[in-house]
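Engineer: Below is the file upload.cif, which contains mmCIF, C-alpha atoms.
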data_target
#
loop_
_atom_site.label_atom_id
_atom_site.label_comp_id
_atom_site.auth_asym_id
_atom_site.auth_seq_id
_atom_site.Cartn_x
_atom_site.Cartn_y
_atom_site.Cartn_z
CA MET A 443 0.00 0.00 0.00
CA ASN A 444 3.01 2.25 0.57
CA ASN A 445 3.75 2.98 -3.07
CA THR A 446 0.21 3.97 -3.91
CA LYS A 447 -1.38 7.38 -3.75
CA GLY A 448 -3.54 8.12 -0.75
CA ILE A 449 -7.28 8.62 -0.97
CA ILE A 450 -9.62 11.34 0.28
CA VAL A 451 -11.92 10.27 3.09
CA VAL A 452 -14.75 12.63 4.00
CA VAL A 453 -16.35 12.14 7.41
CA SER A 454 -19.67 13.87 8.09
CA GLY A 455 -22.43 13.40 10.59
CA PRO A 456 -24.83 15.34 12.77
CA SER A 457 -23.70 17.23 15.84
CA GLY A 458 -23.64 14.61 18.60
CA SER A 459 -22.77 11.74 16.24
CA GLY A 460 -19.30 11.64 17.80
CA LYS A 461 -17.48 12.26 14.51
CA GLY A 462 -14.94 14.55 16.20
CA THR A 463 -13.88 11.85 18.66
CA ILE A 464 -13.77 9.24 15.91
CA VAL A 465 -11.58 11.45 13.71
CA SER A 466 -9.15 12.18 16.54
CA GLU A 467 -8.85 8.43 17.15
CA LEU A 468 -8.37 7.71 13.44
CA ILE A 469 -5.53 10.16 12.94
CA LYS A 470 -3.43 8.44 15.59
CA ASN A 471 -2.76 6.02 12.72
CA GLU A 472 0.19 7.30 10.70
CA GLN A 473 -1.41 6.10 7.48
CA TYR A 474 -3.84 9.01 7.80
CA ALA A 475 -3.39 12.78 7.63
CA LEU A 476 -6.02 15.20 8.86
CA SER A 477 -6.79 17.94 6.39
CA ILE A 478 -6.09 21.44 7.71
CA SER A 479 -8.62 24.14 6.88
CA ALA A 480 -7.98 27.69 5.78
CA THR A 481 -10.08 30.26 7.64
CA THR A 482 -10.62 33.99 7.89
CA ARG A 483 -11.44 33.54 11.59
CA LYS A 484 -8.92 35.09 13.99
CA PRO A 485 -6.71 32.54 15.80
CA ARG A 486 -7.93 31.61 19.27
CA LEU A 487 -5.55 31.16 22.17
CA GLY A 488 -3.21 28.24 21.51
CA GLU A 489 -4.18 27.83 17.86
CA GLU A 490 -1.18 27.65 15.58
CA GLU A 491 -0.75 28.46 11.91
CA GLY A 492 -0.41 25.32 9.79
CA ILE A 493 -1.37 23.06 12.69
CA HIS A 494 -4.91 24.00 13.60
CA TYR A 495 -5.68 26.24 10.62
CA PHE A 496 -4.11 28.21 7.83
CA PHE A 497 -5.12 31.72 8.88
CA LYS A 498 -5.99 34.01 5.98
CA SER A 499 -7.27 37.53 5.47
CA LYS A 500 -10.59 37.85 3.69
CA GLU A 501 -8.74 39.09 0.58
CA GLU A 502 -6.42 36.09 0.60
CA PHE A 503 -9.36 33.73 1.04
CA MET A 504 -11.29 35.34 -1.84
CA ASP A 505 -8.18 35.00 -3.95
CA MET A 506 -7.96 31.27 -3.11
CA ILE A 507 -11.60 30.80 -4.16
CA GLU A 508 -10.99 32.63 -7.43
CA LYS A 509 -7.86 30.64 -8.24
CA ARG A 510 -9.73 27.41 -7.41
CA GLU A 511 -7.22 26.60 -4.71
CA LEU A 512 -9.91 25.24 -2.39
CA VAL A 513 -11.46 21.78 -2.52
CA GLU A 514 -14.58 23.12 -0.79
CA TRP A 515 -15.49 26.19 1.20
CA ALA A 516 -18.37 27.67 3.21
CA GLU A 517 -19.28 30.75 5.17
CA PHE A 518 -20.18 30.31 8.82
CA CYS A 519 -20.89 33.08 11.37
CA ASP A 520 -19.35 35.75 9.13
CA ASN A 521 -16.15 33.76 8.67
CA TYR A 522 -14.96 31.68 5.74
CA TYR A 523 -13.68 28.15 6.08
CA GLY A 524 -12.25 25.99 3.32
CA THR A 525 -10.01 23.04 2.47
CA PRO A 526 -6.80 24.00 0.63
CA LYS A 527 -6.12 21.77 -2.36
CA PHE A 528 -2.32 21.95 -2.03
CA TYR A 529 -2.34 20.39 1.43
CA VAL A 530 -4.72 17.56 0.53
CA GLU A 531 -2.84 16.73 -2.65
CA SER A 532 0.64 16.85 -1.13
CA LYS A 533 -0.46 14.43 1.61
CA MET A 534 -2.08 12.13 -0.96
CA ASN A 535 1.12 12.16 -2.98
CA GLU A 536 3.01 11.14 0.15
CA GLY A 537 0.72 8.08 0.12
CA LYS A 538 -1.38 9.21 3.07
CA ASP A 539 -5.15 8.95 3.20
CA VAL A 540 -6.46 12.41 3.94
CA ILE A 541 -9.38 12.74 6.36
CA LEU A 542 -11.74 15.70 5.90
CA GLU A 543 -14.25 16.31 8.68
CA ILE A 544 -16.78 18.52 6.91
CA GLU A 545 -20.48 19.29 6.49
CA VAL A 546 -22.79 17.74 3.92
CA GLN A 547 -22.55 20.67 1.48
CA GLY A 548 -18.75 20.61 1.59
CA ALA A 549 -18.76 16.83 1.13
CA LEU A 550 -20.76 17.20 -2.08
CA GLN A 551 -18.26 19.78 -3.37
CA VAL A 552 -15.40 17.35 -2.66
CA LYS A 553 -17.15 14.48 -4.48
CA LYS A 554 -17.64 16.72 -7.51
CA LEU A 555 -13.94 17.60 -7.66
CA TYR A 556 -12.68 14.15 -6.65
CA PRO A 557 -15.25 11.52 -7.72
CA GLU A 558 -13.03 8.80 -6.23
CA ALA A 559 -13.25 10.38 -2.74
CA VAL A 560 -14.88 8.15 -0.11
CA LEU A 561 -17.81 9.73 1.72
CA ILE A 562 -18.67 8.34 5.14
CA PHE A 563 -21.69 9.40 7.14
CA ILE A 564 -21.70 8.77 10.88
CA VAL A 565 -24.90 8.42 12.86
CA PRO A 566 -25.64 7.66 16.48
CA PRO A 567 -27.57 4.39 17.05
CA SER A 568 -30.89 6.27 17.28
CA LEU A 569 -32.39 9.74 17.28
CA LYS A 570 -33.23 9.23 20.93
CA GLU A 571 -29.58 8.51 21.67
CA LEU A 572 -28.56 11.63 19.73
CA LYS A 573 -30.95 13.71 21.86
CA ASN A 574 -29.53 12.18 25.04
CA ARG A 575 -25.98 12.96 23.97
CA LEU A 576 -26.83 16.57 23.23
CA ILE A 577 -28.64 16.91 26.56
CA ASN A 578 -25.75 15.28 28.44
CA ARG A 579 -23.28 17.77 27.05
CA GLY A 580 -25.18 20.23 29.21
CA THR A 581 -24.02 23.13 27.09
CA GLU A 582 -26.97 23.57 24.77
CA SER A 583 -30.44 24.96 25.46
CA SER A 584 -33.44 22.76 24.67
CA GLU A 585 -34.20 25.11 21.79
CA ILE A 586 -30.77 24.53 20.25
CA ILE A 587 -31.09 20.79 20.84
CA GLU A 588 -34.40 20.74 18.93
CA LYS A 589 -32.74 22.72 16.14
CA ARG A 590 -29.83 20.26 16.01
CA LEU A 591 -32.19 17.28 15.85
CA ARG A 592 -34.14 18.86 13.00
CA ARG A 593 -30.86 19.56 11.24
CA ALA A 594 -29.71 15.95 11.74
CA LEU A 595 -32.86 14.77 9.95
CA GLU A 596 -32.33 17.30 7.17
CA GLU A 597 -28.75 16.09 6.69
CA LEU A 598 -29.98 12.50 6.50
CA GLU A 599 -31.76 13.46 3.28
CA PHE A 600 -28.32 13.61 1.65
CA ILE A 601 -27.34 10.13 2.79
CA ASN A 602 -27.67 8.75 -0.75
CA ASP A 603 -24.80 10.98 -1.86
CA TYR A 604 -22.59 9.20 0.67
CA ASP A 605 -20.86 5.88 0.10
CA TYR A 606 -20.89 4.40 3.58
CA LEU A 607 -22.93 4.65 6.76
CA VAL A 608 -21.21 4.00 10.08
CA ILE A 609 -23.19 3.69 13.29
CA ASN A 610 -21.40 5.12 16.26
CA ASP A 611 -22.68 2.87 19.00
CA CYS A 612 -19.18 2.38 20.37
CA ILE A 613 -16.17 4.49 19.34
CA GLU A 614 -13.76 1.54 18.95
CA GLN A 615 -16.14 -0.31 16.61
CA ALA A 616 -16.82 2.84 14.56
CA VAL A 617 -13.07 3.46 14.19
CA MET A 618 -12.57 -0.17 13.14
CA ASP A 619 -15.39 0.13 10.60
CA ILE A 620 -13.75 3.19 9.04
CA ASN A 621 -10.38 1.44 8.91
CA THR A 622 -12.09 -1.48 7.15
CA ILE A 623 -13.72 0.86 4.63
CA ILE A 624 -10.43 2.59 3.80
CA LYS A 625 -8.57 -0.71 3.43
CA ALA A 626 -11.25 -2.05 1.10
CA GLU A 627 -11.18 1.17 -0.94
CA HIS A 628 -7.46 0.64 -1.56
CA LEU A 629 -8.33 -2.76 -3.06
CA LYS A 630 -10.71 -1.23 -5.62
CA VAL A 631 -9.86 -1.88 -9.24
CA ASN A 632 -9.86 1.82 -10.14
CA LYS A 633 -7.27 2.48 -7.43
CA ARG A 634 -4.96 -0.27 -8.65
CA MET A 635 -4.75 0.54 -12.35
CA SER A 636 -0.98 1.11 -12.25
CA LEU A 637 -0.60 -2.40 -10.89
CA ILE A 638 -2.74 -3.83 -13.67
CA GLU A 639 -0.70 -1.95 -16.27
CA LYS A 640 2.50 -3.41 -14.84
CA PHE A 641 0.97 -6.87 -15.11
CA LYS A 642 0.07 -6.37 -18.76
CA GLU A 643 3.45 -4.93 -19.70
CA GLU A 644 5.26 -7.91 -18.26
CA MET B 926 -24.92 -7.57 10.69
CA ASN B 927 -27.07 -10.58 11.54
CA ASN B 928 -30.41 -9.01 10.71
CA THR B 929 -29.35 -7.82 7.30
CA LYS B 930 -29.59 -9.65 4.00
CA GLY B 931 -26.43 -11.27 2.71
CA ILE B 932 -24.63 -10.09 -0.38
CA ILE B 933 -23.38 -11.85 -3.50
CA VAL B 934 -19.60 -12.07 -3.78
CA VAL B 935 -18.18 -13.21 -7.11
CA VAL B 936 -14.60 -14.45 -7.09
CA SER B 937 -12.82 -14.82 -10.43
CA GLY B 938 -9.23 -15.06 -11.52
CA PRO B 939 -7.00 -16.88 -13.94
CA SER B 940 -6.09 -20.52 -13.54
CA GLY B 941 -3.15 -20.53 -11.13
CA SER B 942 -4.31 -17.44 -9.26
CA GLY B 943 -5.14 -19.62 -6.28
CA LYS B 944 -8.80 -18.62 -6.19
CA GLY B 945 -9.90 -22.18 -5.36
CA THR B 946 -7.71 -22.32 -2.24
CA ILE B 947 -8.81 -18.84 -1.20
CA VAL B 948 -12.49 -19.74 -1.56
CA SER B 949 -12.09 -22.94 0.46
CA GLU B 950 -10.43 -20.90 3.22
CA LEU B 951 -13.15 -18.23 3.08
CA ILE B 952 -16.06 -20.62 3.48
CA LYS B 953 -14.70 -21.91 6.77
CA ASN B 954 -16.28 -18.68 8.04
CA GLU B 955 -19.93 -19.37 8.88
CA GLN B 956 -20.92 -15.92 7.65
CA TYR B 957 -20.37 -17.20 4.11
CA ALA B 958 -22.13 -19.80 1.99
CA LEU B 959 -20.62 -21.26 -1.13
CA SER B 960 -22.98 -21.27 -4.07
CA ILE B 961 -23.71 -24.74 -5.44
CA SER B 962 -23.87 -25.10 -9.21
CA ALA B 963 -26.34 -27.03 -11.28
CA THR B 964 -24.72 -29.19 -13.96
CA THR B 965 -25.60 -31.68 -16.65
CA ARG B 966 -22.27 -33.43 -16.03
CA LYS B 967 -22.55 -36.93 -14.57
CA PRO B 968 -21.55 -37.18 -10.89
CA ARG B 969 -17.97 -38.30 -10.29
CA LEU B 970 -17.06 -40.74 -7.56
CA GLY B 971 -17.81 -39.19 -4.16
CA GLU B 972 -19.78 -36.24 -5.54
CA GLU B 973 -23.10 -35.78 -3.81
CA GLU B 974 -26.32 -34.15 -4.94
CA GLY B 975 -26.90 -30.79 -3.21
CA ILE B 976 -23.39 -30.75 -1.75
CA HIS B 977 -21.03 -30.66 -4.72
CA TYR B 978 -23.60 -30.01 -7.44
CA PHE B 979 -27.26 -30.14 -8.26
CA PHE B 980 -27.20 -32.81 -10.97
CA LYS B 981 -29.68 -32.20 -13.80
CA SER B 982 -30.61 -33.78 -17.09
CA LYS B 983 -30.11 -31.63 -20.18
CA GLU B 984 -33.90 -31.18 -20.40
CA GLU B 985 -34.13 -30.03 -16.79
CA PHE B 986 -31.23 -27.61 -17.33
CA MET B 987 -32.82 -26.13 -20.48
CA ASP B 988 -36.03 -25.75 -18.54
CA MET B 989 -34.17 -23.81 -15.80
CA ILE B 990 -32.67 -21.47 -18.42
CA GLU B 991 -36.07 -20.87 -19.96
CA LYS B 992 -37.75 -20.17 -16.62
CA ARG B 993 -34.87 -17.82 -15.72
CA GLU B 994 -34.05 -19.90 -12.70
CA LEU B 995 -30.29 -19.46 -13.21
CA VAL B 996 -28.22 -16.47 -12.17
CA GLU B 997 -25.67 -17.33 -14.85
CA TRP B 998 -24.80 -20.33 -16.96
CA ALA B 999 -22.24 -21.55 -19.48
CA GLU B 1000 -21.41 -24.56 -21.61
CA PHE B 1001 -18.07 -26.24 -21.05
CA CYS B 1002 -16.83 -29.49 -22.67
CA ASP B 1003 -20.34 -30.44 -23.81
CA ASN B 1004 -21.79 -29.98 -20.35
CA TYR B 1005 -23.83 -27.16 -18.91
CA TYR B 1006 -23.02 -25.43 -15.63
CA GLY B 1007 -25.07 -22.75 -13.92
CA THR B 1008 -25.87 -21.03 -10.64
CA PRO B 1009 -29.43 -21.69 -9.38
CA LYS B 1010 -31.17 -18.54 -8.23
CA PHE B 1011 -33.19 -20.28 -5.49
CA TYR B 1012 -30.09 -21.42 -3.64
CA VAL B 1013 -28.31 -18.05 -3.81
CA GLU B 1014 -31.40 -16.16 -2.72
CA SER B 1015 -32.35 -18.49 0.13
CA LYS B 1016 -28.83 -18.19 1.56
CA MET B 1017 -28.91 -14.39 1.19
CA ASN B 1018 -32.24 -14.31 3.00
CA GLU B 1019 -30.67 -16.30 5.82
CA GLY B 1020 -28.23 -13.37 6.09
CA LYS B 1021 -25.29 -15.24 4.58
CA ASP B 1022 -22.94 -13.75 2.03
CA VAL B 1023 -22.92 -16.08 -0.95
CA ILE B 1024 -19.61 -16.77 -2.66
CA LEU B 1025 -19.67 -17.62 -6.38
CA GLU B 1026 -16.43 -18.87 -7.88
CA ILE B 1027 -17.07 -18.30 -11.58
CA GLU B 1028 -15.53 -17.18 -14.87
CA VAL B 1029 -15.51 -13.65 -16.21
CA GLN B 1030 -18.49 -14.17 -18.54
CA GLY B 1031 -20.58 -15.61 -15.70
CA ALA B 1032 -19.53 -12.75 -13.42
CA LEU B 1033 -20.85 -10.21 -15.92
CA GLN B 1034 -24.18 -12.07 -16.08
CA VAL B 1035 -24.41 -11.94 -12.27
CA LYS B 1036 -23.69 -8.19 -12.18
CA LYS B 1037 -26.43 -7.60 -14.75
CA LEU B 1038 -29.00 -9.47 -12.66
CA TYR B 1039 -27.71 -8.22 -9.27
CA PRO B 1040 -26.04 -4.82 -9.73
CA GLU B 1041 -25.21 -4.74 -6.01
CA ALA B 1042 -23.13 -7.94 -6.29
CA VAL B 1043 -19.46 -7.52 -5.40
CA LEU B 1044 -17.02 -8.65 -8.08
CA ILE B 1045 -13.51 -9.57 -6.94
CA PHE B 1046 -10.70 -10.46 -9.31
CA ILE B 1047 -7.74 -12.39 -7.97
CA VAL B 1048 -4.32 -12.23 -9.58
CA PRO B 1049 -0.97 -13.74 -8.71
CA PRO B 1050 1.75 -11.16 -7.88
CA SER B 1051 3.15 -11.38 -11.44
CA LEU B 1052 2.72 -13.17 -14.72
CA LYS B 1053 6.07 -14.87 -14.10
CA GLU B 1054 4.76 -16.19 -10.78
CA LEU B 1055 1.61 -17.43 -12.53
CA LYS B 1056 3.77 -19.31 -15.03
CA ASN B 1057 5.84 -20.82 -12.21
CA ARG B 1058 2.72 -21.98 -10.40
CA LEU B 1059 1.34 -23.63 -13.51
CA ILE B 1060 4.71 -25.33 -14.20
CA ASN B 1061 5.01 -26.46 -10.57
CA ARG B 1062 1.64 -28.18 -10.71
CA GLY B 1063 3.41 -30.53 -13.10
CA THR B 1064 0.12 -31.58 -14.64
CA GLU B 1065 -0.02 -29.31 -17.69
CA SER B 1066 1.98 -29.41 -20.91
CA SER B 1067 3.94 -26.30 -21.89
CA GLU B 1068 1.42 -25.79 -24.68
CA ILE B 1069 -1.47 -25.71 -22.21
CA ILE B 1070 0.51 -23.41 -19.91
CA GLU B 1071 1.03 -20.93 -22.75
CA LYS B 1072 -2.69 -21.11 -23.53
CA ARG B 1073 -3.55 -20.44 -19.86
CA LEU B 1074 -1.21 -17.44 -19.74
CA ARG B 1075 -2.75 -15.97 -22.88
CA ARG B 1076 -6.18 -16.56 -21.40
CA ALA B 1077 -5.15 -14.84 -18.14
CA LEU B 1078 -4.21 -11.74 -20.14
CA GLU B 1079 -7.48 -11.90 -22.07
CA GLU B 1080 -9.44 -12.08 -18.81
CA LEU B 1081 -7.53 -9.09 -17.49
CA GLU B 1082 -9.22 -7.02 -20.21
CA PHE B 1083 -12.44 -7.36 -18.20
CA ILE B 1084 -10.90 -6.07 -14.99
CA ASN B 1085 -12.77 -2.78 -15.25
CA ASP B 1086 -16.05 -4.64 -14.87
CA TYR B 1087 -14.83 -5.87 -11.49
CA ASP B 1088 -15.01 -3.89 -8.26
CA TYR B 1089 -11.90 -5.09 -6.45
CA LEU B 1090 -8.50 -6.53 -7.28
CA VAL B 1091 -6.84 -8.84 -4.78
CA ILE B 1092 -3.25 -9.94 -5.23
CA ASN B 1093 -2.63 -13.45 -4.06
CA ASP B 1094 0.93 -13.20 -2.87
CA CYS B 1095 0.09 -15.03 0.34
CA ILE B 1096 -3.18 -16.91 0.95
CA GLU B 1097 -3.75 -15.55 4.48
CA GLN B 1098 -3.43 -11.94 3.29
CA ALA B 1099 -5.68 -12.52 0.28
CA VAL B 1100 -8.34 -14.09 2.54
CA MET B 1101 -8.04 -11.14 4.96
CA ASP B 1102 -8.39 -8.70 2.06
CA ILE B 1103 -11.60 -10.38 0.90
CA ASN B 1104 -13.00 -10.36 4.45
CA THR B 1105 -12.21 -6.63 4.61
CA ILE B 1106 -13.97 -6.00 1.29
CA ILE B 1107 -17.10 -7.87 2.37
CA LYS B 1108 -17.24 -6.09 5.74
CA ALA B 1109 -16.89 -2.71 4.04
CA GLU B 1110 -19.60 -3.62 1.53
CA HIS B 1111 -22.00 -4.25 4.41
CA LEU B 1112 -21.34 -0.66 5.56
CA LYS B 1113 -22.40 0.82 2.22
CA VAL B 1114 -25.27 3.25 2.33
CA ASN B 1115 -27.31 1.31 -0.25
CA LYS B 1116 -27.08 -1.82 1.91
CA ARG B 1117 -28.29 -0.02 5.04
CA MET B 1118 -31.40 1.70 3.71
CA SER B 1119 -33.71 -0.15 6.11
CA LEU B 1120 -31.63 1.22 8.98
CA ILE B 1121 -31.91 4.76 7.64
CA GLU B 1122 -35.67 4.37 7.25
CA LYS B 1123 -35.93 3.26 10.87
CA PHE B 1124 -33.99 6.36 11.90
CA LYS B 1125 -36.29 8.68 9.98
CA GLU B 1126 -39.46 7.04 11.30
CA GLU B 1127 -38.32 7.50 14.88
#
Starting from the coordinates I provided, produce the structure as structure tokens.
Structural biologist:
Amino acid sequence: MNNTKGIIVVVSGPSGSGKGTIVSELIKNEQYALSISATTRKPRLGEEEGIHYFFKSKEEFMDMIEKRELVEWAEFCDNYYGTPKFYVESKMNEGKDVILEIEVQGALQVKKLYPEAVLIFIVPPSLKELKNRLINRGTESSEIIEKRLRRALEELEFINDYDYLVINDCIEQAVMDINTIIKAEHLKVNKRMSLIEKFKEE
Amino acid sequence: MNNTKGIIVVVSGPSGSGKGTIVSELIKNEQYALSISATTRKPRLGEEEGIHYFFKSKEEFMDMIEKRELVEWAEFCDNYYGTPKFYVESKMNEGKDVILEIEVQGALQVKKLYPEAVLIFIVPPSLKELKNRLINRGTESSEIIEKRLRRALEELEFINDYDYLVINDCIEQAVMDINTIIKAEHLKVNKRMSLIEKFKEE
């Protein structure tokens, strides 16, 4: 697997699905690289350039959009966030599988640009469980929780644009499932064409 | 995974690829069922009805073709061979993944009838290795070996109709790769629609 190019793995899921925890577990594996976003948001305490984000001015960000240097981008709370192409592609060329933790709309942009990208949607075992998790966080008002639940259902409408569905009943199992998916993707015929060519040349 | 319907897994590969050994290793796993072929060939010593084959007269076989009771079929050395639909479907309904070890032409027939079937092509690590394996069997003339090698290259032309390519460098690894593929396939969105429906109903 070491000589082959890495693949793009998009991980999405509703707030409370546990995707953040899953992604931080995944990237402990050296085979994976977490994509770093560009943002116009000001750095928060402890956030470092090129580690947490690539910090950009609004002009720089607009320039990146215009030059098509972003895989996907979105506006959120008056700030822009996007995935720089150069970072994703350099990691893929190093043979690493690049993990993008992004929203449904961003995921669809990625699939358009990279049809071979693998889109994984993470859900909690039930809507009830999702509600419980949001309540247990203790940080959100019941109004926001209702809004999040409605949004989770809205996002589920896009499930058919995704390739895989992983149920996060237990973090370890969900991480294993994603590892399995990525391994299988590397065995796909369209990702092994160079190998087939070598065979034919022989 | 136990409540879900099984999937069809087609395993093909050139003579000498080791697909037979791989399949016999795979089916030690109770999750899998090996498809049993119908044939007009006479039973050989020790071959049992419903275990090695479903033995049919030519009339019965023709009748099965006409009634579309076969997933795929082919003629070989004046005998007919085919995969009975009832057996494959009953095993799938039991939740088992059904393994079909068949030729390229049969594989394409299966994919037409069951677009969600998973097609796996097995190759030896190199053409040279394939040649060595065929020579080491000691049962084939050099003429037949040349014919087999040419045929292997011909079959490789159909690789793009397959979903996955597994290199049989070592049996254990190849078996693990196929297990990984099948597990990942069970995580595909289109195989978990009932689960998504349940979520939405909630």
Engineer: Residues of chain A within 10 Å of chain B, using all atoms listed in the file, as a PyMOL selection string?
Structural biologist: chain A and resi 561-563+565-570+594-596+598-599+601-609+619-635+637-644
Engineer: Would you translate the PyMOL selection byres ((chain B and resi 950-960) around 6) into the concrete set of residues it matches in this file, as a VMD selection string?
Structural biologist: chain B and resid 947 to 949 961 1021 to 1025
Engineer: What does the file look like for those residues with C-alpha atoms, as an mmCIF file, in the coordinates of the input?
Structural biologist:
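What follows is the written file selection_13.cif:
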data_model
loop_
_atom_site.group_PDB
_atom_site.id
_atom_site.type_symbol
_atom_site.label_atom_id
_atom_site.label_comp_id
_atom_site.auth_asym_id
_atom_site.auth_seq_id
_atom_site.Cartn_x
_atom_site.Cartn_y
_atom_site.Cartn_z
ATOM 1 C CA ILE B 947 -8.810 -18.840 -1.200
ATOM 2 C CA VAL B 948 -12.490 -19.740 -1.560
ATOM 3 C CA SER B 949 -12.090 -22.940 0.460
ATOM 4 C CA ILE B 961 -23.710 -24.740 -5.440
ATOM 5 C CA LYS B 1021 -25.290 -15.240 4.580
ATOM 6 C CA ASP B 1022 -22.940 -13.750 2.030
ATOM 7 C CA VAL B 1023 -22.920 -16.080 -0.950
ATOM 8 C CA ILE B 1024 -19.610 -16.770 -2.660
ATOM 9 C CA LEU B 1025 -19.670 -17.620 -6.380
#
Engineer: Using CA of Asn1018 in chain B and CA of Glu1000 in chain B as the two end points, give the distance in Å to one decimal.
Structural biologist: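 About the pair CA of Asn1018 in chain B and CA of Glu1000 in chain B: they are 28.8 Å apart.
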Engineer: Please provide the set of residues having any atom within 9 Å of Ala1042 in chain B, restricted to all atoms listed in the file, with same-chain residues fewer than 2 positions apart removed, written as a PDB file with C-alpha atoms, in the frame of the given file.
Structural biologist:
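Contents of the output file around11.pdb:
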ATOM      1  CA  ILE B 932     -24.630 -10.090  -0.380  1.00  0.00           C
ATOM      2  CA  ILE B 933     -23.380 -11.850  -3.500  1.00  0.00           C
ATOM      3  CA  VAL B 934     -19.600 -12.070  -3.780  1.00  0.00           C
ATOM      4  CA  VAL B 935     -18.180 -13.210  -7.110  1.00  0.00           C
ATOM      5  CA  VAL B1035     -24.410 -11.940 -12.270  1.00  0.00           C
ATOM      6  CA  LYS B1036     -23.690  -8.190 -12.180  1.00  0.00           C
ATOM      7  CA  LEU B1038     -29.000  -9.470 -12.660  1.00  0.00           C
ATOM      8  CA  TYR B1039     -27.710  -8.220  -9.270  1.00  0.00           C
ATOM      9  CA  PRO B1040     -26.040  -4.820  -9.730  1.00  0.00           C
ATOM     10  CA  LEU B1044     -17.020  -8.650  -8.080  1.00  0.00           C
TER      11      LEU B1044
END
Engineer: Could you work out an axis-aligned box for range 970-977 of chain B, taking every atom the file lists and adding 3 Å on each side, and report centre and edge lengths in Å to one decimal, as lines of an AutoDock Vina configuration file?
Structural biologist:
center_x = -22.0
center_y = -35.7
center_z = -4.7
size_x = 15.8
size_y = 16.1
size_z = 11.8
Engineer: Please, what distance in Å, to one decimal, runs between CA of Ser479 in chain A and CA of Gly492 in chain A?
Structural biologist: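 Here the two named atoms are 8.8 Å from each other.
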Engineer: Go through A:Thr581, A:Thr482, A:Thr463, A:Thr525 and flag the residue nearest Glu545 in chain A, using all atoms listed in the file for the distances.
Structural biologist: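 The answer is A:Thr525, which sits nearest to Glu545 in chain A.
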Engineer: Extract, using all atoms listed in the file, all DNA, RNA and protein residues at most 8 Å from Glu536 in chain A, discarding same-chain residues fewer than 2 positions from it, and format them as a short mmCIF file (atom, residue, chain, number, x, y, z; two decimals) with C-alpha atoms, in the frame of the given file.
Structural biologist:
data_model
loop_
_atom_site.label_atom_id
_atom_site.label_comp_id
_atom_site.auth_asym_id
_atom_site.auth_seq_id
_atom_site.Cartn_x
_atom_site.Cartn_y
_atom_site.Cartn_z
CA LYS A 447 -1.38 7.38 -3.75
CA GLY A 448 -3.54 8.12 -0.75
CA SER A 532 0.64 16.85 -1.13
CA LYS A 533 -0.46 14.43 1.61
CA MET A 534 -2.08 12.13 -0.96
CA LYS A 538 -1.38 9.21 3.07
#
Engineer: What does the distance from CA of Arg483 in chain A to CA of Asn521 in chain A come to in Å, to one decimal?
Structural biologist: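 Between CA of Arg483 in chain A and CA of Asn521 in chain A the gap is 5.5 Å.
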Engineer: Expand the PyMOL selection byres ((chain A and resi 588) around 12) into the explicit residue set it covers here, and present it as a list of chain:residue names.
Structural biologist: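 Residues picked by the PyMOL selection byres ((chain A and resi 588) around 12): A:Ser457, A:Leu569, A:Lys570, A:Leu572, A:Lys573, A:Asn574, A:Leu576, A:Ile577, A:Glu582, A:Ser583, A:Ser584, A:Glu585, A:Ile586, A:Ile587, A:Lys589, A:Arg590, A:Leu591, A:Arg592, A:Arg593, A:Ala594, A:Leu595.
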Engineer: Any chance you can output those residues with C-alpha atoms as a compact mmCIF listing (two decimals), in the frame of the given file?
Structural biologist:
# COMPACT_ATOMS: atom_id res chain seq x y z
CA SER A 457 -23.70 17.23 15.84
CA LEU A 569 -32.39 9.74 17.28
CA LYS A 570 -33.23 9.23 20.93
CA LEU A 572 -28.56 11.63 19.73
CA LYS A 573 -30.95 13.71 21.86
CA ASN A 574 -29.53 12.18 25.04
CA LEU A 576 -26.83 16.57 23.23
CA ILE A 577 -28.64 16.91 26.56
CA GLU A 582 -26.97 23.57 24.77
CA SER A 583 -30.44 24.96 25.46
CA SER A 584 -33.44 22.76 24.67
CA GLU A 585 -34.20 25.11 21.79
CA ILE A 586 -30.77 24.53 20.25
CA ILE A 587 -31.09 20.79 20.84
CA LYS A 589 -32.74 22.72 16.14
CA ARG A 590 -29.83 20.26 16.01
CA LEU A 591 -32.19 17.28 15.85
CA ARG A 592 -34.14 18.86 13.00
CA ARG A 593 -30.86 19.56 11.24
CA ALA A 594 -29.71 15.95 11.74
CA LEU A 595 -32.86 14.77 9.95
Engineer: Could you pull the residues within 9 Å of range 496-503 of chain A, counting only C-alpha atoms, minus those fewer than 3 positions along the same chain, as an NGL selection string?
Structural biologist: :A and (478-485 or 490-493 or 506-508 or 521-524 or 526)
